[in-house]
>>> print(open('input_0.txt').read())   # compact mmCIF, C-alpha atoms and all ligand atoms
# COMPACT_ATOMS: atom_id res chain seq x y z
CA MET M 1 -61.67 -12.63 -6.82
CA PRO M 2 -63.69 -14.70 -9.36
CA GLN M 3 -66.82 -16.54 -8.25
CA ILE M 4 -66.10 -19.87 -6.57
CA GLU M 5 -68.28 -22.98 -6.52
CA ILE M 6 -68.68 -23.89 -2.85
CA ALA M 7 -70.93 -26.87 -3.64
CA LYS M 8 -72.38 -28.13 -6.90
CA ASN M 9 -74.18 -25.19 -8.50
CA ILE M 10 -73.76 -22.99 -5.42
CA PHE M 11 -71.37 -20.13 -6.05
CA TRP M 12 -69.71 -17.48 -3.90
CA VAL M 13 -70.22 -14.22 -5.79
CA GLY M 14 -69.25 -11.80 -3.02
CA VAL M 15 -66.58 -9.14 -2.73
CA VAL M 16 -63.51 -8.61 -0.56
CA ASP M 17 -63.07 -5.27 1.20
CA TRP M 18 -59.32 -5.32 1.81
CA ASN M 19 -59.01 -1.74 3.01
CA ILE M 20 -61.75 -1.13 5.56
CA ARG M 21 -60.24 -0.38 8.96
CA ASP M 22 -63.20 1.10 10.82
CA PHE M 23 -66.53 -0.70 10.66
CA HIS M 24 -68.84 1.70 12.52
CA GLY M 25 -66.30 2.01 15.30
CA TYR M 26 -65.07 -1.61 15.25
CA ILE M 27 -61.42 -1.51 14.18
CA THR M 28 -61.02 -4.07 11.41
CA ASN M 29 -57.28 -4.49 11.00
CA ARG M 30 -57.69 -7.37 8.58
CA GLY M 31 -60.44 -5.87 6.39
CA THR M 32 -63.61 -7.82 5.71
CA GLN M 33 -65.71 -9.57 3.06
CA TYR M 34 -69.31 -9.20 2.03
CA ASN M 35 -70.28 -12.70 0.97
CA SER M 36 -73.12 -13.33 -1.46
CA TYR M 37 -74.10 -16.70 -2.81
CA LEU M 38 -75.80 -17.68 -6.03
CA ILE M 39 -77.69 -20.95 -6.33
CA ARG M 40 -78.21 -22.11 -9.90
CA ASP M 41 -81.15 -24.44 -10.49
CA ASP M 42 -84.47 -24.42 -12.42
CA LYS M 43 -84.95 -21.18 -10.55
CA ILE M 44 -81.94 -19.10 -9.58
CA ALA M 45 -81.54 -17.39 -6.22
CA LEU M 46 -79.04 -14.82 -5.02
CA VAL M 47 -78.53 -14.90 -1.27
CA ASP M 48 -77.61 -11.46 0.10
CA THR M 49 -76.09 -8.51 -1.67
CA VAL M 50 -73.14 -6.32 -0.65
CA LYS M 51 -72.16 -2.83 0.50
CA GLN M 52 -73.14 -0.09 -1.91
CA ASN M 53 -69.65 0.81 -3.14
CA PHE M 54 -69.01 -2.82 -4.18
CA THR M 55 -72.12 -3.12 -6.37
CA GLU M 56 -70.13 -3.33 -9.59
CA GLY M 57 -68.03 -6.24 -8.30
CA LEU M 58 -71.11 -8.19 -7.24
CA LEU M 59 -72.90 -7.61 -10.54
CA SER M 60 -69.81 -8.65 -12.46
CA ASN M 61 -69.55 -11.89 -10.44
CA ILE M 62 -73.25 -12.63 -10.97
CA SER M 63 -72.90 -12.08 -14.73
CA GLU M 64 -70.01 -14.55 -14.89
CA THR M 65 -72.26 -17.16 -13.33
CA THR M 66 -75.62 -16.56 -14.95
CA LYS M 67 -77.67 -14.06 -16.91
CA PRO M 68 -78.90 -11.42 -14.44
CA GLU M 69 -82.42 -11.50 -15.89
CA ASP M 70 -82.61 -15.25 -15.13
CA VAL M 71 -82.32 -14.71 -11.39
CA GLY M 72 -85.73 -15.34 -9.84
CA TYR M 73 -85.08 -14.46 -6.20
CA ILE M 74 -82.94 -12.16 -4.14
CA ILE M 75 -82.88 -13.49 -0.59
CA VAL M 76 -82.25 -10.66 1.87
CA ASN M 77 -81.19 -12.24 5.15
CA HIS M 78 -80.40 -8.88 6.77
CA VAL M 79 -80.94 -5.25 5.83
CA GLU M 80 -77.95 -3.53 7.45
CA PRO M 81 -76.35 -1.55 4.60
CA ASP M 82 -73.17 -3.67 4.49
CA HIS M 83 -75.43 -6.38 3.03
CA SER M 84 -78.16 -4.38 1.35
CA GLY M 85 -76.49 -1.16 0.19
CA SER M 86 -76.27 -2.50 -3.36
CA LEU M 87 -79.84 -3.86 -3.32
CA PRO M 88 -81.56 -1.04 -5.26
CA GLU M 89 -79.03 -1.26 -8.11
CA VAL M 90 -78.91 -5.07 -8.04
CA ALA M 91 -82.72 -5.32 -8.08
CA LYS M 92 -82.76 -3.09 -11.16
CA LYS M 93 -80.31 -5.37 -12.99
CA LEU M 94 -81.91 -8.59 -11.76
CA LYS M 95 -85.18 -7.25 -13.06
CA ASN M 96 -87.17 -10.46 -12.79
CA ALA M 97 -86.21 -11.23 -9.21
CA VAL M 98 -88.59 -11.19 -6.27
CA ILE M 99 -87.13 -10.11 -2.94
CA VAL M 100 -87.52 -12.79 -0.27
CA CYS M 101 -87.14 -11.62 3.32
CA SER M 102 -88.77 -11.64 6.74
CA GLU M 103 -91.76 -9.39 7.43
CA ARG M 104 -89.47 -7.10 9.40
CA GLY M 105 -86.99 -7.26 6.54
CA LYS M 106 -89.66 -5.93 4.20
CA ASP M 107 -90.30 -3.01 6.57
CA ALA M 108 -86.58 -2.28 6.90
CA ILE M 109 -85.98 -2.43 3.14
CA THR M 110 -88.91 -0.09 2.57
CA GLU M 111 -87.61 2.33 5.21
CA HIS M 112 -84.11 2.29 3.71
CA TYR M 113 -84.81 2.20 -0.01
CA GLY M 114 -88.54 2.78 -0.56
CA GLY M 115 -91.15 0.19 -1.38
CA ALA M 116 -90.74 -0.17 -5.15
CA PHE M 117 -89.82 -3.85 -4.96
CA ARG M 118 -91.73 -7.08 -5.37
CA PHE M 119 -91.63 -8.85 -2.02
CA GLN M 120 -92.28 -12.36 -0.80
CA THR M 121 -92.11 -12.52 2.98
CA VAL M 122 -91.22 -15.71 4.80
CA LYS M 123 -91.16 -16.98 8.36
CA THR M 124 -89.40 -19.77 10.21
CA GLY M 125 -89.95 -23.13 8.54
CA ASP M 126 -91.10 -21.75 5.19
CA GLU M 127 -89.42 -23.33 2.18
CA LEU M 128 -88.70 -22.23 -1.35
CA LYS M 129 -88.09 -24.95 -3.94
CA LEU M 130 -85.67 -23.95 -6.69
CA GLY M 131 -85.53 -27.37 -8.38
CA ASN M 132 -82.99 -29.71 -6.83
CA HIS M 133 -82.29 -27.20 -4.07
CA THR M 134 -84.70 -26.29 -1.29
CA LEU M 135 -84.20 -23.13 0.74
CA ARG M 136 -85.56 -23.24 4.29
CA PHE M 137 -85.80 -20.00 6.26
CA ILE M 138 -85.18 -19.47 9.95
CA GLU M 139 -85.94 -16.07 11.47
CA ALA M 140 -83.11 -14.91 13.71
CA PRO M 141 -84.21 -11.58 15.19
CA MET M 142 -81.37 -9.52 16.73
CA LEU M 143 -78.70 -11.67 15.09
CA HIS M 144 -77.99 -8.99 14.18
CA TRP M 145 -81.04 -6.76 13.67
CA PRO M 146 -84.75 -7.47 14.17
CA ASP M 147 -85.07 -8.36 10.48
CA SER M 148 -82.30 -10.99 10.42
CA MET M 149 -82.89 -14.52 9.20
CA PHE M 150 -80.87 -17.53 8.10
CA THR M 151 -81.25 -19.41 4.81
CA TYR M 152 -80.57 -23.15 4.90
CA VAL M 153 -79.93 -25.11 1.72
CA VAL M 154 -81.55 -28.37 2.77
CA GLU M 155 -79.99 -30.87 0.33
CA ASN M 156 -76.44 -29.51 0.72
CA LYS M 157 -76.75 -28.80 4.47
CA ILE M 158 -75.38 -25.30 3.97
CA LEU M 159 -76.39 -22.67 6.51
CA MET M 160 -76.20 -19.14 5.09
CA CYS M 161 -76.39 -17.29 8.36
CA ASN M 162 -75.41 -13.75 7.39
CA ASP M 163 -73.79 -11.96 10.38
CA ALA M 164 -73.74 -15.01 12.68
CA PHE M 165 -70.47 -17.00 12.74
CA GLY M 166 -68.71 -14.31 10.67
CA GLN M 167 -65.33 -12.67 10.97
CA HIS M 168 -64.02 -9.39 9.69
CA LEU M 169 -61.27 -11.03 7.71
CA ALA M 170 -60.38 -10.28 4.09
CA SER M 171 -58.74 -13.17 2.31
CA SER M 172 -57.99 -14.52 -1.13
CA LYS M 173 -58.81 -17.92 0.42
CA LEU M 174 -62.45 -18.62 1.05
CA PHE M 175 -62.45 -21.61 3.41
CA ASP M 176 -61.45 -22.16 7.04
CA ASP M 177 -59.03 -24.98 6.17
CA ASP M 178 -56.97 -22.53 4.08
CA ILE M 179 -56.53 -20.03 6.91
CA ASP M 180 -54.20 -20.11 9.91
CA PRO M 181 -56.58 -21.47 12.61
CA ALA M 182 -55.20 -19.13 15.28
CA ILE M 183 -55.91 -16.06 13.14
CA LEU M 184 -59.33 -17.38 12.20
CA MET M 185 -60.45 -17.98 15.78
CA GLU M 186 -58.93 -14.68 16.91
CA GLU M 187 -60.99 -12.84 14.31
CA ALA M 188 -64.13 -14.88 15.05
CA GLY M 189 -63.73 -14.03 18.74
CA ARG M 190 -63.07 -10.35 18.02
CA TYR M 191 -66.23 -10.27 15.89
CA PHE M 192 -68.33 -11.93 18.60
CA ALA M 193 -66.93 -9.67 21.32
CA ASN M 194 -67.55 -6.46 19.42
CA ILE M 195 -70.84 -7.21 17.68
CA LEU M 196 -72.73 -10.12 19.15
CA THR M 197 -72.02 -9.92 22.90
CA PRO M 198 -75.30 -8.10 23.70
CA PHE M 199 -77.24 -10.93 22.06
CA ALA M 200 -75.47 -13.81 23.82
CA GLN M 201 -78.62 -15.35 25.30
CA LEU M 202 -80.43 -15.19 21.98
CA ILE M 203 -77.51 -16.96 20.31
CA THR M 204 -77.68 -19.90 22.70
CA ARG M 205 -81.45 -20.18 22.18
CA LYS M 206 -81.14 -19.89 18.40
CA ILE M 207 -78.52 -22.64 18.23
CA GLN M 208 -80.76 -24.88 20.37
CA GLU M 209 -83.75 -24.09 18.13
CA VAL M 210 -81.79 -24.88 14.97
CA VAL M 211 -80.63 -28.20 16.43
CA LYS M 212 -84.24 -29.05 17.40
CA MET M 213 -85.28 -28.38 13.80
CA GLY M 214 -82.94 -31.21 12.80
CA ILE M 215 -80.53 -28.83 11.11
CA SER M 216 -76.94 -29.98 11.31
CA PRO M 217 -74.95 -27.94 8.77
CA THR M 218 -71.91 -29.40 7.09
CA ILE M 219 -71.04 -25.94 5.79
CA ILE M 220 -71.61 -22.67 7.60
CA ALA M 221 -71.47 -19.83 5.10
CA PRO M 222 -71.61 -16.44 6.82
CA SER M 223 -71.72 -13.09 5.05
CA HIS M 224 -68.41 -11.88 6.50
CA GLY M 225 -65.08 -13.66 6.31
CA VAL M 226 -64.37 -17.25 5.42
CA ILE M 227 -66.68 -20.25 5.14
CA TRP M 228 -66.58 -22.99 7.79
CA ARG M 229 -66.42 -26.36 6.04
CA GLN M 230 -63.63 -28.25 7.79
CA ASN M 231 -65.24 -28.36 11.20
CA PRO M 232 -68.39 -26.25 11.50
CA ALA M 233 -69.00 -27.72 14.96
CA LYS M 234 -65.91 -25.82 16.16
CA ILE M 235 -67.43 -22.39 15.60
CA ILE M 236 -70.81 -23.50 16.95
CA GLN M 237 -69.14 -24.70 20.17
CA ALA M 238 -67.14 -21.46 20.39
CA TYR M 239 -70.38 -19.46 20.10
CA LEU M 240 -72.00 -21.56 22.84
CA ASP M 241 -68.97 -20.99 25.10
CA TRP M 242 -68.77 -17.25 24.42
CA SER M 243 -72.53 -16.86 24.83
CA ALA M 244 -72.34 -18.63 28.19
CA GLY M 245 -69.60 -16.23 29.30
CA LYS M 246 -67.07 -19.07 29.62
CA ALA M 247 -63.83 -17.50 30.80
CA LYS M 248 -60.43 -18.36 32.21
CA ASN M 249 -58.38 -17.04 35.13
CA LYS M 250 -57.46 -13.90 33.27
CA ILE M 251 -57.66 -10.22 34.17
CA VAL M 252 -57.73 -7.37 31.67
CA ILE M 253 -56.44 -4.04 32.96
CA VAL M 254 -57.83 -1.24 30.82
CA TYR M 255 -56.62 2.26 31.66
CA ASP M 256 -55.30 5.54 30.45
CA THR M 257 -52.91 7.94 32.07
CA MET M 258 -52.25 11.69 32.04
CA TRP M 259 -48.85 12.20 33.73
CA GLY M 260 -47.96 8.56 34.42
CA SER M 261 -49.51 8.04 37.87
CA THR M 262 -52.35 5.77 36.70
CA ASP M 263 -49.80 3.95 34.57
CA LYS M 264 -47.65 3.20 37.64
CA MET M 265 -50.73 2.00 39.49
CA ALA M 266 -51.73 -0.27 36.60
CA ARG M 267 -48.31 -1.90 36.55
CA ALA M 268 -48.28 -2.50 40.32
CA ILE M 269 -51.81 -3.95 40.15
CA SER M 270 -50.74 -6.27 37.33
CA GLU M 271 -47.77 -7.48 39.38
CA GLY M 272 -50.09 -8.33 42.26
CA ALA M 273 -52.37 -10.35 39.98
CA ILE M 274 -49.46 -12.07 38.25
CA SER M 275 -48.04 -13.07 41.65
CA GLU M 276 -51.14 -15.25 42.02
CA GLY M 277 -50.43 -17.03 38.71
CA ILE M 278 -53.19 -15.21 36.86
CA GLU M 279 -52.92 -14.31 33.18
CA VAL M 280 -52.96 -10.53 32.79
CA LYS M 281 -53.49 -8.41 29.68
CA ILE M 282 -52.86 -4.68 29.82
CA CYS M 283 -54.70 -2.40 27.41
CA LYS M 284 -53.59 1.20 27.68
CA LEU M 285 -56.13 3.22 25.79
CA ARG M 286 -54.58 5.27 23.00
CA ALA M 287 -52.16 2.34 22.55
CA ALA M 288 -54.95 -0.24 22.39
CA THR M 289 -58.36 0.35 20.83
CA ASN M 290 -61.72 -0.29 22.45
CA THR M 291 -62.06 -3.14 19.94
CA GLU M 292 -58.87 -4.81 21.21
CA ALA M 293 -59.84 -4.31 24.85
CA MET M 294 -63.26 -5.92 24.34
CA THR M 295 -61.65 -8.83 22.49
CA GLU M 296 -59.34 -9.47 25.44
CA ILE M 297 -62.27 -9.23 27.86
CA LEU M 298 -64.21 -11.97 26.01
CA ASP M 299 -62.42 -14.83 27.81
CA ALA M 300 -61.40 -12.97 30.99
CA LYS M 301 -63.06 -13.30 34.39
CA ALA M 302 -62.27 -9.76 35.55
CA VAL M 303 -61.70 -6.25 34.26
CA ILE M 304 -59.77 -3.65 36.24
CA ALA M 305 -60.38 -0.20 34.79
CA GLY M 306 -58.27 2.82 35.67
CA SER M 307 -58.49 6.49 34.86
CA PRO M 308 -57.03 9.78 36.01
CA THR M 309 -59.52 12.50 36.88
CA LEU M 310 -59.70 15.29 34.34
CA ASN M 311 -62.09 18.17 34.99
CA ASN M 312 -63.82 16.12 37.71
CA GLN M 313 -64.57 13.32 35.27
CA MET M 314 -63.13 10.22 33.65
CA PHE M 315 -60.40 10.73 31.11
CA PRO M 316 -62.10 11.03 27.65
CA THR M 317 -60.66 7.74 26.37
CA MET M 318 -61.99 5.94 29.43
CA ALA M 319 -65.41 7.57 28.96
CA SER M 320 -65.38 6.21 25.42
CA PHE M 321 -64.36 2.75 26.61
CA MET M 322 -67.00 2.63 29.35
CA ASN M 323 -69.64 3.73 26.86
CA TYR M 324 -68.54 0.98 24.45
CA ALA M 325 -68.27 -1.73 27.13
CA THR M 326 -71.54 -0.96 28.88
CA GLY M 327 -73.32 -1.09 25.51
CA LEU M 328 -71.86 -4.50 24.73
CA LYS M 329 -72.42 -5.80 28.29
CA PRO M 330 -70.02 -8.76 28.40
CA LYS M 331 -71.44 -11.46 30.62
CA ASP M 332 -70.21 -12.56 34.08
CA LYS M 333 -67.18 -10.32 34.51
CA LEU M 334 -66.02 -8.85 37.82
CA TRP M 335 -65.29 -5.13 37.40
CA SER M 336 -63.10 -3.05 39.66
CA PHE M 337 -61.83 0.51 39.43
CA PHE M 338 -58.82 2.63 40.30
CA GLY M 339 -57.35 5.98 39.39
CA SER M 340 -55.33 9.01 40.31
CA TYR M 341 -56.44 12.56 40.89
CA GLY M 342 -55.07 15.99 41.79
CA TRP M 343 -57.25 18.35 43.78
CA GLY M 344 -60.60 16.77 43.04
CA LYS M 345 -61.83 13.22 42.42
CA GLY M 346 -64.42 12.08 39.89
CA ALA M 347 -63.03 9.43 37.54
CA VAL M 348 -63.54 6.37 39.74
CA LYS M 349 -67.04 7.45 40.72
CA GLY M 350 -67.86 8.08 37.05
CA MET M 351 -66.70 4.61 36.02
CA ILE M 352 -68.62 2.95 38.88
CA ASP M 353 -71.79 4.86 38.01
CA GLU M 354 -71.60 3.63 34.42
CA ALA M 355 -70.87 0.05 35.48
CA ARG M 356 -73.73 0.09 37.96
CA LYS M 357 -76.18 1.35 35.33
CA ALA M 358 -75.11 -1.54 33.08
CA GLY M 359 -75.72 -4.05 35.88
CA PHE M 360 -72.09 -5.19 36.05
CA GLU M 361 -70.78 -7.11 39.05
CA ILE M 362 -68.57 -4.62 40.90
CA HIS M 363 -65.76 -5.37 43.35
CA GLU M 364 -66.48 -3.60 46.64
CA ASP M 365 -63.07 -1.89 47.04
CA THR M 366 -61.68 0.92 44.92
CA LEU M 367 -58.22 2.41 44.81
CA GLU M 368 -57.42 6.10 44.43
CA VAL M 369 -54.10 7.94 44.69
CA ARG M 370 -53.55 11.70 44.91
CA PHE M 371 -50.99 13.04 42.43
CA VAL M 372 -48.06 10.59 42.32
CA PRO M 373 -48.14 7.11 43.92
CA GLU M 374 -45.52 6.57 46.60
CA GLU M 375 -44.05 3.24 47.70
CA GLU M 376 -46.92 2.64 50.12
CA ASP M 377 -49.50 3.43 47.42
CA LEU M 378 -47.83 1.01 45.01
CA SER M 379 -47.92 -1.64 47.70
CA ARG M 380 -51.70 -1.02 48.04
CA CYS M 381 -51.97 -1.40 44.26
CA PHE M 382 -50.07 -4.69 44.37
CA HIS M 383 -52.45 -6.01 47.03
CA PHE M 384 -55.45 -4.75 45.09
CA GLY M 385 -54.35 -6.82 42.08
CA LYS M 386 -53.71 -9.81 44.31
CA GLN M 387 -57.13 -9.47 45.95
CA ILE M 388 -58.91 -9.48 42.56
CA ALA M 389 -56.82 -12.45 41.44
CA LEU M 390 -57.75 -14.44 44.53
CA LYS M 391 -61.40 -13.56 44.04
CA ILE M 392 -61.52 -14.83 40.46
CA LYS M 393 -59.52 -17.93 41.32
CA ALA M 394 -62.31 -18.81 43.72
CA LYS M 395 -64.91 -18.26 40.97
CA PRO M 396 -66.06 -21.38 39.13
FE1 LIG M 401 -72.92 -7.38 8.59
FE2 LIG M 401 -75.42 -6.47 10.78
O1 LIG M 401 -74.38 -6.42 9.23
>>> encode(input="input_0.txt", output="structure tokens")
Amino acid sequence: MPQIEIAKNIFWVGVVDWNIRDFHGYITNRGTQYNSYLIRDDKIALVDTVKQNFTEGLLSNISETTKPEDVGYIIVNHVEPDHSGSLPEVAKKLKNAVIVCSERGKDAITEHYGGAFRFQTVKTGDELKLGNHTLRFIEAPMLHWPDSMFTYVVENKILMCNDAFGQHLASSKLFDDDIDPAILMEEAGRYFANILTPFAQLITRKIQEVVKMGISPTIIAPSHGVIWRQNPAKIIQAYLDWSAGKAKNKIVIVYDTMWGSTDKMARAISEGAISEGIEVKICKLRAATNTEAMTEILDAKAVIAGSPTLNNQMFPTMASFMNYATGLKPKDKLWSFFGSYGWGKGAVKGMIDEARKAGFEIHEDTLEVRFVPEEEDLSRCFHFGKQIALKIKAKP
């Protein structure tokens, strides 16, 4: 994709990664983009670089826009290698550029790539005048790493916020108004659920801080996915809602099964919940990924997790899911557990132990069936689903 002018003298020079399907465990069915921006003025600044194997594409896009030796600054908003992997090579080509980053960014760059760079560290409120464009920096630790910061182009009201407000979405179209809004919000939600959930409180505080600074962006330009220019307030509001744990009367049943018993239980539980008018999503692991399950959980009030016992433990796919979910710690969900077993239990206790360690709210009752559920067991399952549904309907 050639470079695109997103505002006068501000160019997208990033790359599209159409083929990535696994982003450190996050399943990216629609690929992703590594967005970089080049601001041409008396002094020229490149904002963010790209993943190492796309270095050539970035350098080619920069060269189409300006002479590499004329670039005065490389702004590094975040050092995770999807944005900095090409930095050593890019810094060599942009030989007159100073690297501008947070103090923690300098440490992280040095730890990743050595210290043979010229650095200028910045903190919240610092500004860099390029000519007609002023860059203002806002530190944003843990959005997504301790080093993270945002770069705000004051005159154009463009917030270059790196990982925040992104989506793993590869597209030949660069702007939100060119993308099916349902797909865009689905991918934005999937991204939040699988990357930013642990930092929900920080997100709310950061948005409040940015508003207090008088920053009201007309364009939000993240480093993954498309640029929000039609209605940037929409994604800000979505982030506030997701960060607050805003959810609907929806239950996600996540389970796996060995010989079909846990599957039968899951279906009976779902029927009980549905009988109360609750929306239910079923994610059978090995048919659905952890990524999909967490995306469904984002706007649900309850999770019902089920596993057969294998070797006195959770089924391996459920162990993986619990590990993933307890790391992400989605806010304000009611968790409950069920499962089947043969001669020895273990799965339900294992799931509860993990949930307890993570501080999840846990429904007091559990449901376990030996070998194959009979009619009476399925009736218990139905009532279990109904009981959870009634509980979340009573929740504000
Ligand atoms: Fe897109 Fe935290 O890197």
>>> residues_near_ligand(input="input_0.txt", ligand="ligand LIG 401 (chain M)", cutoff="6 Å", atoms="all atoms listed in the file", output="list of chain:residue names")
M:Glu80, M:Asp82, M:His144, M:Asp163
>>> write_last_selection(input="input_0.txt", atoms="C-alpha atoms", output="PDB file, keeping the file's coordinate frame")
ATOM      1  CA  GLU M  80     -77.950  -3.530   7.450  1.00  0.00           C
ATOM      2  CA  ASP M  82     -73.170  -3.670   4.490  1.00  0.00           C
ATOM      3  CA  HIS M 144     -77.990  -8.990  14.180  1.00  0.00           C
ATOM      4  CA  ASP M 163     -73.790 -11.960  10.380  1.00  0.00           C
TER       5      ASP M 163
END
>>> atom_distance(input="input_0.txt", atom1="atom CA of M:Trp12", atom2="atom CA of M:Phe150")
16.4 Å
>>> closest_residue(input="input_0.txt", among="M:Tyr239, M:Trp335, M:Phe137, M:Phe382", to="M:Arg267", atoms="all atoms listed in the file")
M:Phe382
>>> closest_residue(input="input_0.txt", among="M:Ile203, M:Ala347, M:Val13, M:Val90", to="M:Ala164", atoms="all atoms listed in the file")
M:Ile203
>>> residues_around(input="input_0.txt", residues="stretch 224-228 of chain M", least_positions_apart="3", cutoff="7 Å", atoms="only C-alpha atoms", output="VMD selection string")
chain M and resid 32 to 35 163 166 to 170 174 to 176 219 to 221 231 to 232
>>> residues_around(input="input_0.txt", residues="M:Asn249", least_positions_apart="6", cutoff="10 Å", atoms="all atoms listed in the file", output="list of chain:residue names")
M:Gly277, M:Ile278, M:Glu279, M:Val280, M:Asp299, M:Ala300, M:Lys301, M:Ala302, M:Ala389, M:Leu390, M:Ile392, M:Lys393, M:Ala394, M:Lys395, M:Pro396
>>> closest_residue(input="input_0.txt", among="M:Gln387, M:Asn77, M:Ser102, M:Asn19", to="M:Ala273", atoms="all atoms listed in the file")
M:Gln387
>>> closest_residue(input="input_0.txt", among="M:Asn323, M:Ser307, M:Ser216, M:Thr317", to="M:Thr366", atoms="all atoms listed in the file")
M:Ser307
>>> closest_residue(input="input_0.txt", among="M:Glu354, M:Glu139, M:Glu292, M:Asp256", to="M:Glu186", atoms="all atoms listed in the file")
M:Glu292
>>> residues_near_point(input="input_0.txt", point="(-51.5, 10.2, 38.1)", cutoff="10 Å", atoms="all atoms listed in the file", output="JSON, numbers by chain")
{"M": [256, 257, 258, 259, 260, 261, 262, 263, 264, 265, 307, 308, 309, 339, 340, 341, 342, 368, 369, 370, 371, 372, 373]}
>>> atom_distance(input="input_0.txt", atom1="atom CA of M:Phe315", atom2="atom CA of M:Ile352")
13.7 Å
>>> build_atoms(input="input_0.txt", residues="stretch 49-64 of chain M", atoms="N, CA and C atoms", output="PDB file, in the coordinates of the input")
ATOM      1  N   THR M  49     -76.862  -9.379  -0.778  1.00  0.00           N
ATOM      2  CA  THR M  49     -76.090  -8.510  -1.670  1.00  0.00           C
ATOM      3  C   THR M  49     -74.925  -7.941  -0.863  1.00  0.00           C
ATOM      4  N   VAL M  50     -74.367  -6.822  -1.289  1.00  0.00           N
ATOM      5  CA  VAL M  50     -73.140  -6.320  -0.650  1.00  0.00           C
ATOM      6  C   VAL M  50     -73.272  -4.823  -0.365  1.00  0.00           C
ATOM      7  N   LYS M  51     -72.210  -4.268   0.188  1.00  0.00           N
ATOM      8  CA  LYS M  51     -72.160  -2.830   0.500  1.00  0.00           C
ATOM      9  C   LYS M  51     -72.220  -2.030  -0.804  1.00  0.00           C
ATOM     10  N   GLN M  52     -72.817  -0.864  -0.709  1.00  0.00           N
ATOM     11  CA  GLN M  52     -73.140  -0.090  -1.910  1.00  0.00           C
ATOM     12  C   GLN M  52     -71.941   0.124  -2.843  1.00  0.00           C
ATOM     13  N   ASN M  53     -70.783   0.476  -2.270  1.00  0.00           N
ATOM     14  CA  ASN M  53     -69.650   0.810  -3.140  1.00  0.00           C
ATOM     15  C   ASN M  53     -68.984  -0.410  -3.801  1.00  0.00           C
ATOM     16  N   PHE M  54     -69.520  -1.606  -3.526  1.00  0.00           N
ATOM     17  CA  PHE M  54     -69.010  -2.820  -4.180  1.00  0.00           C
ATOM     18  C   PHE M  54     -70.026  -3.415  -5.159  1.00  0.00           C
ATOM     19  N   THR M  55     -71.034  -2.623  -5.513  1.00  0.00           N
ATOM     20  CA  THR M  55     -72.120  -3.120  -6.370  1.00  0.00           C
ATOM     21  C   THR M  55     -71.582  -3.678  -7.694  1.00  0.00           C
ATOM     22  N   GLU M  56     -70.660  -2.932  -8.281  1.00  0.00           N
ATOM     23  CA  GLU M  56     -70.130  -3.330  -9.590  1.00  0.00           C
ATOM     24  C   GLU M  56     -69.478  -4.716  -9.526  1.00  0.00           C
ATOM     25  N   GLY M  57     -68.711  -4.941  -8.465  1.00  0.00           N
ATOM     26  CA  GLY M  57     -68.030  -6.240  -8.300  1.00  0.00           C
ATOM     27  C   GLY M  57     -69.032  -7.372  -8.169  1.00  0.00           C
ATOM     28  N   LEU M  58     -70.088  -7.152  -7.404  1.00  0.00           N
ATOM     29  CA  LEU M  58     -71.110  -8.190  -7.240  1.00  0.00           C
ATOM     30  C   LEU M  58     -71.798  -8.479  -8.575  1.00  0.00           C
ATOM     31  N   LEU M  59     -72.195  -7.414  -9.263  1.00  0.00           N
ATOM     32  CA  LEU M  59     -72.900  -7.610 -10.540  1.00  0.00           C
ATOM     33  C   LEU M  59     -72.018  -8.330 -11.552  1.00  0.00           C
ATOM     34  N   SER M  60     -70.742  -7.996 -11.541  1.00  0.00           N
ATOM     35  CA  SER M  60     -69.810  -8.650 -12.460  1.00  0.00           C
ATOM     36  C   SER M  60     -69.715 -10.153 -12.125  1.00  0.00           C
ATOM     37  N   ASN M  61     -69.625 -10.477 -10.842  1.00  0.00           N
ATOM     38  CA  ASN M  61     -69.550 -11.890 -10.440  1.00  0.00           C
ATOM     39  C   ASN M  61     -70.832 -12.649 -10.782  1.00  0.00           C
ATOM     40  N   ILE M  62     -71.976 -11.981 -10.616  1.00  0.00           N
ATOM     41  CA  ILE M  62     -73.250 -12.630 -10.970  1.00  0.00           C
ATOM     42  C   ILE M  62     -73.268 -12.918 -12.478  1.00  0.00           C
ATOM     43  N   SER M  63     -72.848 -11.934 -13.259  1.00  0.00           N
ATOM     44  CA  SER M  63     -72.900 -12.080 -14.730  1.00  0.00           C
ATOM     45  C   SER M  63     -71.983 -13.185 -15.216  1.00  0.00           C
ATOM     46  N   GLU M  64     -70.908 -13.453 -14.500  1.00  0.00           N
ATOM     47  CA  GLU M  64     -70.010 -14.550 -14.890  1.00  0.00           C
ATOM     48  C   GLU M  64     -70.640 -15.906 -14.616  1.00  0.00           C
TER      49      GLU M  64
END
